[in-house]
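Report on the following structure.
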Amino acid sequence: MLDRPVALVTGASRGIGRGIALGLAASGHAVGVNYFRSAEAADQVVEQIRQQGGTAVALGGDVGSAEDRQELLDRVGTEFGRLDVLVNNAGITSQGRKDLLEATDASWERVFATNLKGPFFLAQQAARRMIAAIDAGQIPGGLIVNISSISAYAVSTNRADYCMAKAAMGMMTQLFATRLAEHGIRVFEVCPGVIASDMTAPVKEKYDRLIAEGLSPIRRWGTPEDIARAVVALTSDAFPFTTGERINVDGGFHIRTL
Ligand code: NAP
C-alpha cells in the first residue's frame, strides 16, 4: 500500500480535471488519471506528473458504465492499494445545445449517465472502499469532491439536461455528506463559473462579451488551476468541521445584485 494519499480524478485527460490532477499531484497525492476517449492526452498528464517527481497512472473508462466504474476502482486498488480522495469531475454538455422545446431523449440519457449517475455510483462504491480502509486503520479519512456548475442554479434554456443533472448533484453532495460523516468522509460540491476549456471553446465569443459586460464581479475567465486550488485546499486540514458545503469558484457570479 502506498505511503501517501491517493486521489482518483475522473475526466482528467483535459480541462478542469487535468488541472485538478496536476494540482493534487503537486500537493503530494498519487493520482489516478481517468479518461474516456483521450488516451494520449491522459498519458501526457501522467508523464507531466512523473517528470515533476509525482506518481500517476492513466485509467481508461466511461463513468456512465457500471462495468467501467467497477474496473476503475479495482485498478486504483491494484495500482495504489488505497483511495483517499474521489473527484467526480468528468462531465459533458448538452448534446447540440438544443432549445428546451427541441431537447432530445438521446442527449438526456448521455448527460444524466455521465454527469449524475456515474458520479453517484462512483461516490457510493468509493465510499464503501474508503469506509473499509478507515475502519482497518489504513487511511485517516476520506474526501469526495463533486464538480458541479453555476448551471446548477442559473437557467440555460438550451441545456436543460445539463442544468438539471448539475442541480441534482447539489442534493447528491448533501446526501453523501450526511450519510458518510460518521465514517470520517467529508463531501463537497465545487461550483465552477465560466472556465476556459474545450467545453466552453465553442461559446468563447459569447462569454468574452458577457464577462466584459460584468457577468461576474471578477471580470475574467476562470482557469482549471482556479478549480484545482480549491480542490487541493479541501484535501488540506483546513476544514475538519465542514462538510456538504458548496464552494463557489466563479469570480462572484453567484452574487445577486440590484
Ligand atoms: P472538457 O474540457 O470538455 O473535459 C471533459 C473531460 O471529461 C475530459 O477529460 C473527458 O475525457 C472527460 N469525460 C467526458 N465524458 C466522460 C466519460 N463518460 N467518462 C469519463 N470521462 C469522461 O470539460 P471541462 O470544462 O474541463 O469540464 C469538467 C467538469 O467541470 C464537467 O463536469 C463540467 O460540467 C464542469 N464545469 C465546467 C465549466 C466550464 O466553464 N468549463 C463550468 C462549470 C462546470 P476524454 O476526453 O478522455 O473523453
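The way I read the labels, and the way they are meant: chains A, B, ... in the order of the C-alpha cells, residue 1 as the first residue of every chain, and ligand 1 as the first ligand shown, with later ones counted on from there.
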Hey, what's within 6 Å of segment 56-72 of chain A if we count only C-alpha atoms and toss same-chain stuff fewer than 5 positions away? As an mmCIF file with N, CA and C atoms, in the first residue's frame, please?
data_model
loop_
_atom_site.group_PDB
_atom_site.id
_atom_site.type_symbol
_atom_site.label_atom_id
_atom_site.label_comp_id
_atom_site.auth_asym_id
_atom_site.auth_seq_id
_atom_site.Cartn_x
_atom_site.Cartn_y
_atom_site.Cartn_z
ATOM 1 N N ALA A 30 -0.783 10.653 -4.975
ATOM 2 C CA ALA A 30 -0.669 9.801 -6.153
ATOM 3 C C ALA A 30 -2.018 9.898 -6.857
ATOM 4 N N VAL A 31 -2.012 9.945 -8.180
ATOM 5 C CA VAL A 31 -3.254 10.278 -8.878
ATOM 6 C C VAL A 31 -3.630 9.242 -9.946
ATOM 7 N N GLY A 32 -4.873 8.799 -9.905
ATOM 8 C CA GLY A 32 -5.465 8.014 -10.980
ATOM 9 C C GLY A 32 -6.073 8.995 -11.955
ATOM 10 N N VAL A 33 -5.528 9.034 -13.175
ATOM 11 C CA VAL A 33 -5.951 9.997 -14.202
ATOM 12 C C VAL A 33 -6.948 9.293 -15.120
ATOM 13 N N ASN A 34 -8.227 9.439 -14.802
ATOM 14 C CA ASN A 34 -9.250 8.771 -15.629
ATOM 15 C C ASN A 34 -9.487 9.538 -16.926
ATOM 16 N N TYR A 35 -9.689 8.789 -17.995
ATOM 17 C CA TYR A 35 -10.056 9.382 -19.277
ATOM 18 C C TYR A 35 -11.090 8.480 -19.917
ATOM 19 N N PHE A 36 -11.747 8.990 -20.954
ATOM 20 C CA PHE A 36 -12.688 8.165 -21.699
ATOM 21 C C PHE A 36 -12.145 7.949 -23.113
ATOM 22 N N ALA A 42 -4.341 11.762 -21.733
ATOM 23 C CA ALA A 42 -4.197 11.265 -20.356
ATOM 24 C C ALA A 42 -2.755 10.830 -20.107
ATOM 25 N N VAL A 46 -0.083 12.115 -17.188
ATOM 26 C CA VAL A 46 0.693 11.197 -16.340
ATOM 27 C C VAL A 46 2.191 11.491 -16.484
ATOM 28 N N ALA A 113 -26.283 10.042 -17.587
ATOM 29 C CA ALA A 113 -25.396 8.911 -17.281
ATOM 30 C C ALA A 113 -24.008 9.413 -16.880
ATOM 31 N N THR A 114 -23.505 10.398 -17.621
ATOM 32 C CA THR A 114 -22.138 10.884 -17.391
ATOM 33 C C THR A 114 -22.062 11.836 -16.196
ATOM 34 N N GLY A 118 -23.121 8.371 -13.094
ATOM 35 C CA GLY A 118 -21.720 7.977 -12.905
ATOM 36 C C GLY A 118 -21.166 8.487 -11.580
#
Problem set entry | Within 7 Å of ligand 1 (only C-alpha atoms and all ligand atoms), residues as a VMD selection string | chain A and resid 10 to 18 34 to 39 42 61 to 64 89 to 93 114 to 115 147 to 150 191 to 200
Exercise. So which bits of segment 10-180 of chain A end up strand (DSSP E) when you DSSP the backbone, as a ChimeraX atom specification?
Worked result: /A:30-35,56-60,85-88,142-147
Would you pick out the contacts of Val87 of chain A at 6 Å or less, using only C-alpha atoms, so that residues sharing its chain but fewer than 4 positions from it are not included, and give the list as a CSV table (one decimal) with N, CA, C and O atoms, in the first residue's frame?
chain,number,residue,atom,x,y,z
A,9,VAL,N,-9.2,11.1,-10.1
A,9,VAL,CA,-9.9,12.2,-10.7
A,9,VAL,C,-10.5,11.8,-12.0
A,9,VAL,O,-9.8,11.3,-12.9
A,144,ILE,N,-14.7,13.3,-0.8
A,144,ILE,CA,-15.3,13.2,-2.1
A,144,ILE,C,-15.7,14.6,-2.6
A,144,ILE,O,-16.3,15.4,-1.8
A,145,VAL,N,-15.2,15.0,-3.7
A,145,VAL,CA,-15.5,16.3,-4.3
A,145,VAL,C,-16.3,16.2,-5.6
A,145,VAL,O,-15.8,15.5,-6.5
A,146,ASN,N,-17.4,16.8,-5.6
A,146,ASN,CA,-18.2,16.8,-6.9
A,146,ASN,C,-18.1,18.1,-7.6
A,146,ASN,O,-18.4,19.1,-7.0
Exercise. Which neighbours of Asp161 of chain A fall inside 10 Å, counting only C-alpha atoms, when residues of the same chain fewer than 5 positions from it are skipped, and could you give them as a PyMOL selection string?
Worked result: chain A and resi 93-95+97+100+103-105+107-112+115+156+166-167
Could you please take those selected residues and save N, CA, C and O atoms as a tab-separated table (two decimals), in the first residue's frame?
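File written: result.tsv
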chain	number	residue	atom	x	y	z
A	93	THR	N	-21.43	18.48	-21.92
A	93	THR	CA	-22.51	19.46	-22.04
A	93	THR	C	-23.68	18.84	-22.80
A	93	THR	O	-23.59	17.72	-23.29
A	94	SER	N	-24.76	19.55	-22.84
A	94	SER	CA	-25.95	19.06	-23.53
A	94	SER	C	-25.64	18.87	-25.02
A	94	SER	O	-25.03	19.74	-25.64
A	95	GLN	N	-26.03	17.73	-25.56
A	95	GLN	CA	-25.69	17.40	-26.93
A	95	GLN	C	-26.45	18.30	-27.90
A	95	GLN	O	-27.68	18.27	-27.96
A	97	ARG	N	-26.80	21.43	-27.69
A	97	ARG	CA	-27.32	22.64	-27.01
A	97	ARG	C	-28.66	23.06	-27.62
A	97	ARG	O	-28.83	24.20	-28.08
A	100	LEU	N	-35.12	24.00	-25.12
A	100	LEU	CA	-35.98	23.15	-24.28
A	100	LEU	C	-37.07	22.43	-25.09
A	100	LEU	O	-37.37	21.26	-24.87
A	103	ALA	N	-35.37	19.57	-27.09
A	103	ALA	CA	-34.43	18.70	-26.35
A	103	ALA	C	-34.71	17.22	-26.64
A	103	ALA	O	-35.87	16.82	-26.80
A	104	THR	N	-33.63	16.41	-26.70
A	104	THR	CA	-33.79	15.02	-27.12
A	104	THR	C	-33.55	14.03	-25.99
A	104	THR	O	-32.79	14.27	-25.06
A	105	ASP	N	-34.20	12.90	-26.16
A	105	ASP	CA	-34.05	11.75	-25.28
A	105	ASP	C	-32.58	11.31	-25.23
A	105	ASP	O	-32.03	11.02	-24.16
A	107	SER	N	-29.76	12.96	-25.79
A	107	SER	CA	-28.88	13.85	-25.02
A	107	SER	C	-29.14	13.66	-23.53
A	107	SER	O	-28.21	13.57	-22.72
A	108	TRP	N	-30.40	13.59	-23.14
A	108	TRP	CA	-30.77	13.38	-21.73
A	108	TRP	C	-30.06	12.15	-21.17
A	108	TRP	O	-29.43	12.20	-20.11
A	109	GLU	N	-30.19	11.03	-21.90
A	109	GLU	CA	-29.62	9.77	-21.44
A	109	GLU	C	-28.11	9.89	-21.23
A	109	GLU	O	-27.57	9.46	-20.21
A	110	ARG	N	-27.43	10.49	-22.20
A	110	ARG	CA	-25.97	10.59	-22.16
A	110	ARG	C	-25.52	11.55	-21.05
A	110	ARG	O	-24.60	11.27	-20.30
A	111	VAL	N	-26.21	12.69	-20.97
A	111	VAL	CA	-25.81	13.70	-19.98
A	111	VAL	C	-26.06	13.17	-18.56
A	111	VAL	O	-25.20	13.29	-17.68
A	112	PHE	N	-27.21	12.58	-18.34
A	112	PHE	CA	-27.50	12.08	-16.99
A	112	PHE	C	-26.61	10.91	-16.61
A	112	PHE	O	-26.19	10.79	-15.46
A	115	ASN	N	-23.02	12.75	-16.12
A	115	ASN	CA	-22.91	13.86	-15.16
A	115	ASN	C	-23.56	13.56	-13.80
A	115	ASN	O	-23.31	14.28	-12.84
A	156	SER	N	-30.17	27.87	-18.33
A	156	SER	CA	-29.86	27.98	-19.76
A	156	SER	C	-30.90	27.14	-20.48
A	156	SER	O	-30.88	25.91	-20.37
A	166	LYS	N	-26.80	18.90	-12.98
A	166	LYS	CA	-25.91	19.63	-12.05
A	166	LYS	C	-26.68	20.05	-10.79
A	166	LYS	O	-26.13	20.03	-9.69
A	167	ALA	N	-27.95	20.42	-10.95
A	167	ALA	CA	-28.75	20.76	-9.76
A	167	ALA	C	-28.87	19.55	-8.85
A	167	ALA	O	-28.74	19.65	-7.62
For this session: Show which residues sit within 10 Å of Thr242 of chain A, as a PyMOL selection string. Count only C-alpha atoms, and ignore same-chain residues fewer than 5 positions away.
Result: chain A and resi 177+181+186-188+234
Store the residues picked out above in a file with N, CA and C atoms, as a PDB file, in the first residue's frame.
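Result file follows (out_32.pdb):
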ATOM      1  N   ALA A 177     -22.825  13.640   2.146  1.00  0.00           N
ATOM      2  CA  ALA A 177     -22.190  14.304   3.300  1.00  0.00           C
ATOM      3  C   ALA A 177     -22.849  13.837   4.598  1.00  0.00           C
ATOM      4  N   ALA A 181     -20.638  11.172   7.112  1.00  0.00           N
ATOM      5  CA  ALA A 181     -19.943  11.933   8.166  1.00  0.00           C
ATOM      6  C   ALA A 181     -19.481  11.025   9.296  1.00  0.00           C
ATOM      7  N   ARG A 186     -15.675  13.357   4.309  1.00  0.00           N
ATOM      8  CA  ARG A 186     -16.317  14.646   4.044  1.00  0.00           C
ATOM      9  C   ARG A 186     -16.629  14.755   2.549  1.00  0.00           C
ATOM     10  N   VAL A 187     -17.709  15.470   2.239  1.00  0.00           N
ATOM     11  CA  VAL A 187     -18.174  15.546   0.850  1.00  0.00           C
ATOM     12  C   VAL A 187     -18.479  17.005   0.499  1.00  0.00           C
ATOM     13  N   PHE A 188     -17.963  17.459  -0.631  1.00  0.00           N
ATOM     14  CA  PHE A 188     -18.143  18.856  -1.041  1.00  0.00           C
ATOM     15  C   PHE A 188     -18.577  18.944  -2.502  1.00  0.00           C
ATOM     16  N   LEU A 234      -9.360  21.728  -0.107  1.00  0.00           N
ATOM     17  CA  LEU A 234     -10.278  20.816   0.600  1.00  0.00           C
ATOM     18  C   LEU A 234      -9.561  19.571   1.097  1.00  0.00           C
TER      19      LEU A 234
END
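Omitting Thr55 of chain A and its sequence neighbours fewer than 6 positions away, and counting only C-alpha atoms, the residues within 12 Å are Leu2, Asp3, Arg4, Pro5, Val6, Ala7, Ala21, Leu22, Leu24, Ala25, Ala26, Ser27, Gly28, His29, Ala30, Val31, Gly32, Val33, Val45, Val46, Glu47, Gln48, Ile49, Glu79 and Phe80 of chain A.
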Exercise. For Ile134 of chain A, which residue among A:Gly53, A:Ala165, A:Gly184, A:Asp43 is the nearest when counting only C-alpha atoms?
Worked result: A:Gly184
For this session: Would you please extract all alpha helix (DSSP H) residues from segment 121-212 of chain A, as assigned by DSSP on the backbone, and give them as a ChimeraX atom specification?
Result: /A:121-135,160-180,204-212
Can I get the selection written as a PDB file, in the first residue's frame, with C-alpha atoms?
ATOM      1  CA  PHE A 121     -22.422   5.312  -8.097  1.00  0.00           C
ATOM      2  CA  LEU A 122     -18.715   6.128  -8.113  1.00  0.00           C
ATOM      3  CA  ALA A 123     -19.222   8.007  -4.843  1.00  0.00           C
ATOM      4  CA  GLN A 124     -21.184   5.050  -3.455  1.00  0.00           C
ATOM      5  CA  GLN A 125     -18.579   2.448  -4.422  1.00  0.00           C
ATOM      6  CA  ALA A 126     -15.602   4.641  -3.478  1.00  0.00           C
ATOM      7  CA  ALA A 127     -17.206   5.352  -0.098  1.00  0.00           C
ATOM      8  CA  ARG A 128     -17.613   1.641   0.616  1.00  0.00           C
ATOM      9  CA  ARG A 129     -13.916   1.113  -0.036  1.00  0.00           C
ATOM     10  CA  MET A 130     -12.927   4.172   1.995  1.00  0.00           C
ATOM     11  CA  ILE A 131     -15.038   3.042   4.953  1.00  0.00           C
ATOM     12  CA  ALA A 132     -13.373  -0.388   4.943  1.00  0.00           C
ATOM     13  CA  ALA A 133      -9.917   1.229   4.798  1.00  0.00           C
ATOM     14  CA  ILE A 134     -10.732   3.758   7.534  1.00  0.00           C
ATOM     15  CA  ASP A 135     -12.131   1.024   9.785  1.00  0.00           C
ATOM     16  CA  ALA A 160     -31.919  21.694 -19.756  1.00  0.00           C
ATOM     17  CA  ASP A 161     -30.491  18.203 -19.128  1.00  0.00           C
ATOM     18  CA  TYR A 162     -27.099  19.656 -18.136  1.00  0.00           C
ATOM     19  CA  CYS A 163     -28.679  22.161 -15.727  1.00  0.00           C
ATOM     20  CA  MET A 164     -30.922  19.529 -14.108  1.00  0.00           C
ATOM     21  CA  ALA A 165     -28.127  16.984 -13.689  1.00  0.00           C
ATOM     22  CA  LYS A 166     -25.915  19.633 -12.052  1.00  0.00           C
ATOM     23  CA  ALA A 167     -28.754  20.763  -9.763  1.00  0.00           C
ATOM     24  CA  ALA A 168     -29.221  17.155  -8.641  1.00  0.00           C
ATOM     25  CA  MET A 169     -25.518  16.933  -7.893  1.00  0.00           C
ATOM     26  CA  GLY A 170     -26.057  19.536  -5.155  1.00  0.00           C
ATOM     27  CA  MET A 171     -28.558  17.264  -3.420  1.00  0.00           C
ATOM     28  CA  MET A 172     -26.298  14.277  -4.034  1.00  0.00           C
ATOM     29  CA  THR A 173     -23.500  16.108  -2.210  1.00  0.00           C
ATOM     30  CA  GLN A 174     -25.708  16.743   0.809  1.00  0.00           C
ATOM     31  CA  LEU A 175     -26.991  13.155   0.855  1.00  0.00           C
ATOM     32  CA  PHE A 176     -23.497  11.662   0.874  1.00  0.00           C
ATOM     33  CA  ALA A 177     -22.190  14.304   3.300  1.00  0.00           C
ATOM     34  CA  THR A 178     -24.908  13.313   5.758  1.00  0.00           C
ATOM     35  CA  ARG A 179     -24.535   9.561   5.338  1.00  0.00           C
ATOM     36  CA  LEU A 180     -20.734   9.465   5.365  1.00  0.00           C
ATOM     37  CA  LYS A 204     -15.955  31.658 -26.322  1.00  0.00           C
ATOM     38  CA  GLU A 205     -17.114  34.826 -28.089  1.00  0.00           C
ATOM     39  CA  LYS A 206     -20.409  34.884 -26.210  1.00  0.00           C
ATOM     40  CA  TYR A 207     -18.648  34.551 -22.854  1.00  0.00           C
ATOM     41  CA  ASP A 208     -15.910  37.052 -23.814  1.00  0.00           C
ATOM     42  CA  ARG A 209     -18.686  39.587 -24.305  1.00  0.00           C
ATOM     43  CA  LEU A 210     -20.643  38.663 -21.166  1.00  0.00           C
ATOM     44  CA  ILE A 211     -17.506  38.775 -18.993  1.00  0.00           C
ATOM     45  CA  ALA A 212     -16.529  42.178 -20.406  1.00  0.00           C
TER      46      ALA A 212
END
